[in-house]
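Contents: one structure, followed by commentary.
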Amino acid sequence: MRKIAPLLIMLFISMNFIAQESSSPYRTEFWKDGSWIAGSTALNVLGVITIQNKDELTDNDLANLDRNDIWKINRGAAGNYSANADELSYVPFYASFASPILFLLGEDERKNFGQISVMFVETMATTGALFTITAGTVQKSRPLVYNENLSAKERKDSDAQRSFFAGHTAATAAATFFSAKVFHDFNPDSSAVPFVWAGAVAVPAYVGYLRTKAGKHFLTDNLIGFGIGAACGILVPEIHKIGNERLDVYPTAQTNVMGTGIDTKGIAVNYSF
């Protein structure tokens, strides 16, 4: 299945471009969008590998943890832990991924559903690339690590050392803001627009609350995750909007930049004047 998945994706994109309707406010291009998806997927793989190779805390690291070293805005969450909140957070998290299906209810959106799907994949892949690379390279203990009622093994685990930034919140915000942005662009005069945007804000905010309660992330981790997800959800459709062809955002990776020996992975922004 993994071997044929890239072919299926490219076939899907190809069929989408053939079927595009003039009623869409967006423009997609086969090679540009195909490269975007392939590049961001590759960055996700690199990020996941980085996460998997992340070190656990040592006994000495655990003994030296001090709540007073945490920013005051985050200090109240130190020691949080709730398995129920963690489990509950997955409900709106996964539900947000299905939000684009609602576009099948609108005539113009339904005609361009393939195009919308391609942009949604780009949105989520870009958000995922930013999250995995950051979570894999930044060492920051989750709030639950400060809970002395948990076992030392659970507190030292490498998974507990990637609090920054909140991936669940980022992915949920990317999905909901993408849906709100696309709905707004297809239906700018709809009376439902304010309510759609309100929902786009409320759902990831609730996920962020649950992730903090569960002891997975601090407040600032969720705020940054929310901002990154929301930005991806809005910018990807905006980049594809007809008339915005000069603005471009794409995943990038470079080795030995300008002979410095520094390798970079991330998202590049380009605007042609």
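Starting from 1 in every chain, residues are counted up; chains themselves are A, B, ... following the order of the structure tokens, and ligands are numbered from 1 as listed.
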
DSSP-assigned helix (DSSP H, G or I) among range 110-240 of chain A, expressed as a VMD selection string: chain A and resid 110 to 111 113 to 137 143 to 146 152 to 156 158 to 161 167 to 186 193 to 213 219 to 240

Contacts of range 197-207 of chain A within 7 Å, only C-alpha atoms, excl. fewer than 5 positions in-chain, as a ChimeraX atom specification: /A:89,92-93,169,172-173,176-177,180,226

Could those selected residues go to a file with N, CA, C and O atoms, as a PDB file, in the first residue's frame?
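Okay, this is what ended up in selection12.pdb:
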```pdb
ATOM      1  N   SER A  89      -9.544  14.697  24.341  1.00  0.00           N
ATOM      2  CA  SER A  89      -9.001  15.658  23.378  1.00  0.00           C
ATOM      3  C   SER A  89      -8.955  15.092  21.965  1.00  0.00           C
ATOM      4  O   SER A  89      -8.938  15.851  20.992  1.00  0.00           O
ATOM      5  N   PRO A  92     -12.540  15.993  19.410  1.00  0.00           N
ATOM      6  CA  PRO A  92     -12.572  17.142  18.498  1.00  0.00           C
ATOM      7  C   PRO A  92     -11.374  17.164  17.552  1.00  0.00           C
ATOM      8  O   PRO A  92     -11.468  17.702  16.442  1.00  0.00           O
ATOM      9  N   PHE A  93     -10.257  16.590  17.982  1.00  0.00           N
ATOM     10  CA  PHE A  93      -9.055  16.530  17.148  1.00  0.00           C
ATOM     11  C   PHE A  93      -9.344  15.757  15.862  1.00  0.00           C
ATOM     12  O   PHE A  93      -9.131  16.262  14.751  1.00  0.00           O
ATOM     13  N   THR A 169      -3.300  20.779  18.969  1.00  0.00           N
ATOM     14  CA  THR A 169      -3.927  22.093  18.817  1.00  0.00           C
ATOM     15  C   THR A 169      -3.624  22.676  17.443  1.00  0.00           C
ATOM     16  O   THR A 169      -4.510  23.249  16.788  1.00  0.00           O
ATOM     17  N   THR A 172      -5.628  20.742  14.704  1.00  0.00           N
ATOM     18  CA  THR A 172      -7.054  21.069  14.774  1.00  0.00           C
ATOM     19  C   THR A 172      -7.316  22.467  14.245  1.00  0.00           C
ATOM     20  O   THR A 172      -8.264  22.687  13.480  1.00  0.00           O
ATOM     21  N   ALA A 173      -6.472  23.427  14.637  1.00  0.00           N
ATOM     22  CA  ALA A 173      -6.629  24.798  14.146  1.00  0.00           C
ATOM     23  C   ALA A 173      -6.439  24.860  12.638  1.00  0.00           C
ATOM     24  O   ALA A 173      -7.167  25.582  11.935  1.00  0.00           O
ATOM     25  N   THR A 176      -9.738  23.483  11.080  1.00  0.00           N
ATOM     26  CA  THR A 176     -10.925  24.325  11.240  1.00  0.00           C
ATOM     27  C   THR A 176     -10.775  25.671  10.541  1.00  0.00           C
ATOM     28  O   THR A 176     -11.722  26.168   9.925  1.00  0.00           O
ATOM     29  N   PHE A 177      -9.591  26.273  10.614  1.00  0.00           N
ATOM     30  CA  PHE A 177      -9.385  27.553   9.942  1.00  0.00           C
ATOM     31  C   PHE A 177      -9.373  27.381   8.429  1.00  0.00           C
ATOM     32  O   PHE A 177      -9.822  28.265   7.694  1.00  0.00           O
ATOM     33  N   ALA A 180     -13.028  27.185   7.489  1.00  0.00           N
ATOM     34  CA  ALA A 180     -13.664  28.495   7.585  1.00  0.00           C
ATOM     35  C   ALA A 180     -13.229  29.401   6.436  1.00  0.00           C
ATOM     36  O   ALA A 180     -14.048  30.122   5.848  1.00  0.00           O
ATOM     37  N   PHE A 226      -1.704  26.886  18.194  1.00  0.00           N
ATOM     38  CA  PHE A 226      -2.927  27.472  17.636  1.00  0.00           C
ATOM     39  C   PHE A 226      -2.576  28.453  16.529  1.00  0.00           C
ATOM     40  O   PHE A 226      -3.179  28.424  15.438  1.00  0.00           O
TER      41      PHE A 226
END
```

Proximity of range 93-161 of chain A to range 40-48 of chain A: per-residue shortest pair, 12 Å limit, only C-alpha atoms, as JSON lines:
```
{"residue": "A:Val121", "atom": "CA", "partner": "A:Thr41", "partner_atom": "CA", "distance": 9.8}
{"residue": "A:Glu122", "atom": "CA", "partner": "A:Ser40", "partner_atom": "CA", "distance": 7.6}
{"residue": "A:Thr123", "atom": "CA", "partner": "A:Ser40", "partner_atom": "CA", "distance": 9.5}
{"residue": "A:Met124", "atom": "CA", "partner": "A:Ser40", "partner_atom": "CA", "distance": 9.3}
{"residue": "A:Ala125", "atom": "CA", "partner": "A:Ser40", "partner_atom": "CA", "distance": 5.6}
{"residue": "A:Thr126", "atom": "CA", "partner": "A:Ser40", "partner_atom": "CA", "distance": 5.6}
{"residue": "A:Thr127", "atom": "CA", "partner": "A:Ser40", "partner_atom": "CA", "distance": 8.9}
{"residue": "A:Gly128", "atom": "CA", "partner": "A:Asn44", "partner_atom": "CA", "distance": 6.1}
{"residue": "A:Ala129", "atom": "CA", "partner": "A:Asn44", "partner_atom": "CA", "distance": 4.5}
{"residue": "A:Leu130", "atom": "CA", "partner": "A:Asn44", "partner_atom": "CA", "distance": 8.0}
{"residue": "A:Phe131", "atom": "CA", "partner": "A:Gly47", "partner_atom": "CA", "distance": 7.9}
{"residue": "A:Thr132", "atom": "CA", "partner": "A:Gly47", "partner_atom": "CA", "distance": 4.4}
{"residue": "A:Ile133", "atom": "CA", "partner": "A:Gly47", "partner_atom": "CA", "distance": 4.2}
{"residue": "A:Thr134", "atom": "CA", "partner": "A:Gly47", "partner_atom": "CA", "distance": 7.7}
{"residue": "A:Ala135", "atom": "CA", "partner": "A:Gly47", "partner_atom": "CA", "distance": 7.8}
{"residue": "A:Gly136", "atom": "CA", "partner": "A:Gly47", "partner_atom": "CA", "distance": 6.1}
{"residue": "A:Thr137", "atom": "CA", "partner": "A:Gly47", "partner_atom": "CA", "distance": 8.5}
{"residue": "A:Val138", "atom": "CA", "partner": "A:Gly47", "partner_atom": "CA", "distance": 11.4}
{"residue": "A:Asp159", "atom": "CA", "partner": "A:Val48", "partner_atom": "CA", "distance": 11.8}
```

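Considering only C-alpha atoms, the residue among A:Glu148, A:Asp86, A:Glu56, A:Asp69 positioned nearest to Ala214 in chain A is A:Asp86.
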
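In this structure, CA of Ala175 in chain A sits 7.8 Å away from CA of Gly229 in chain A.
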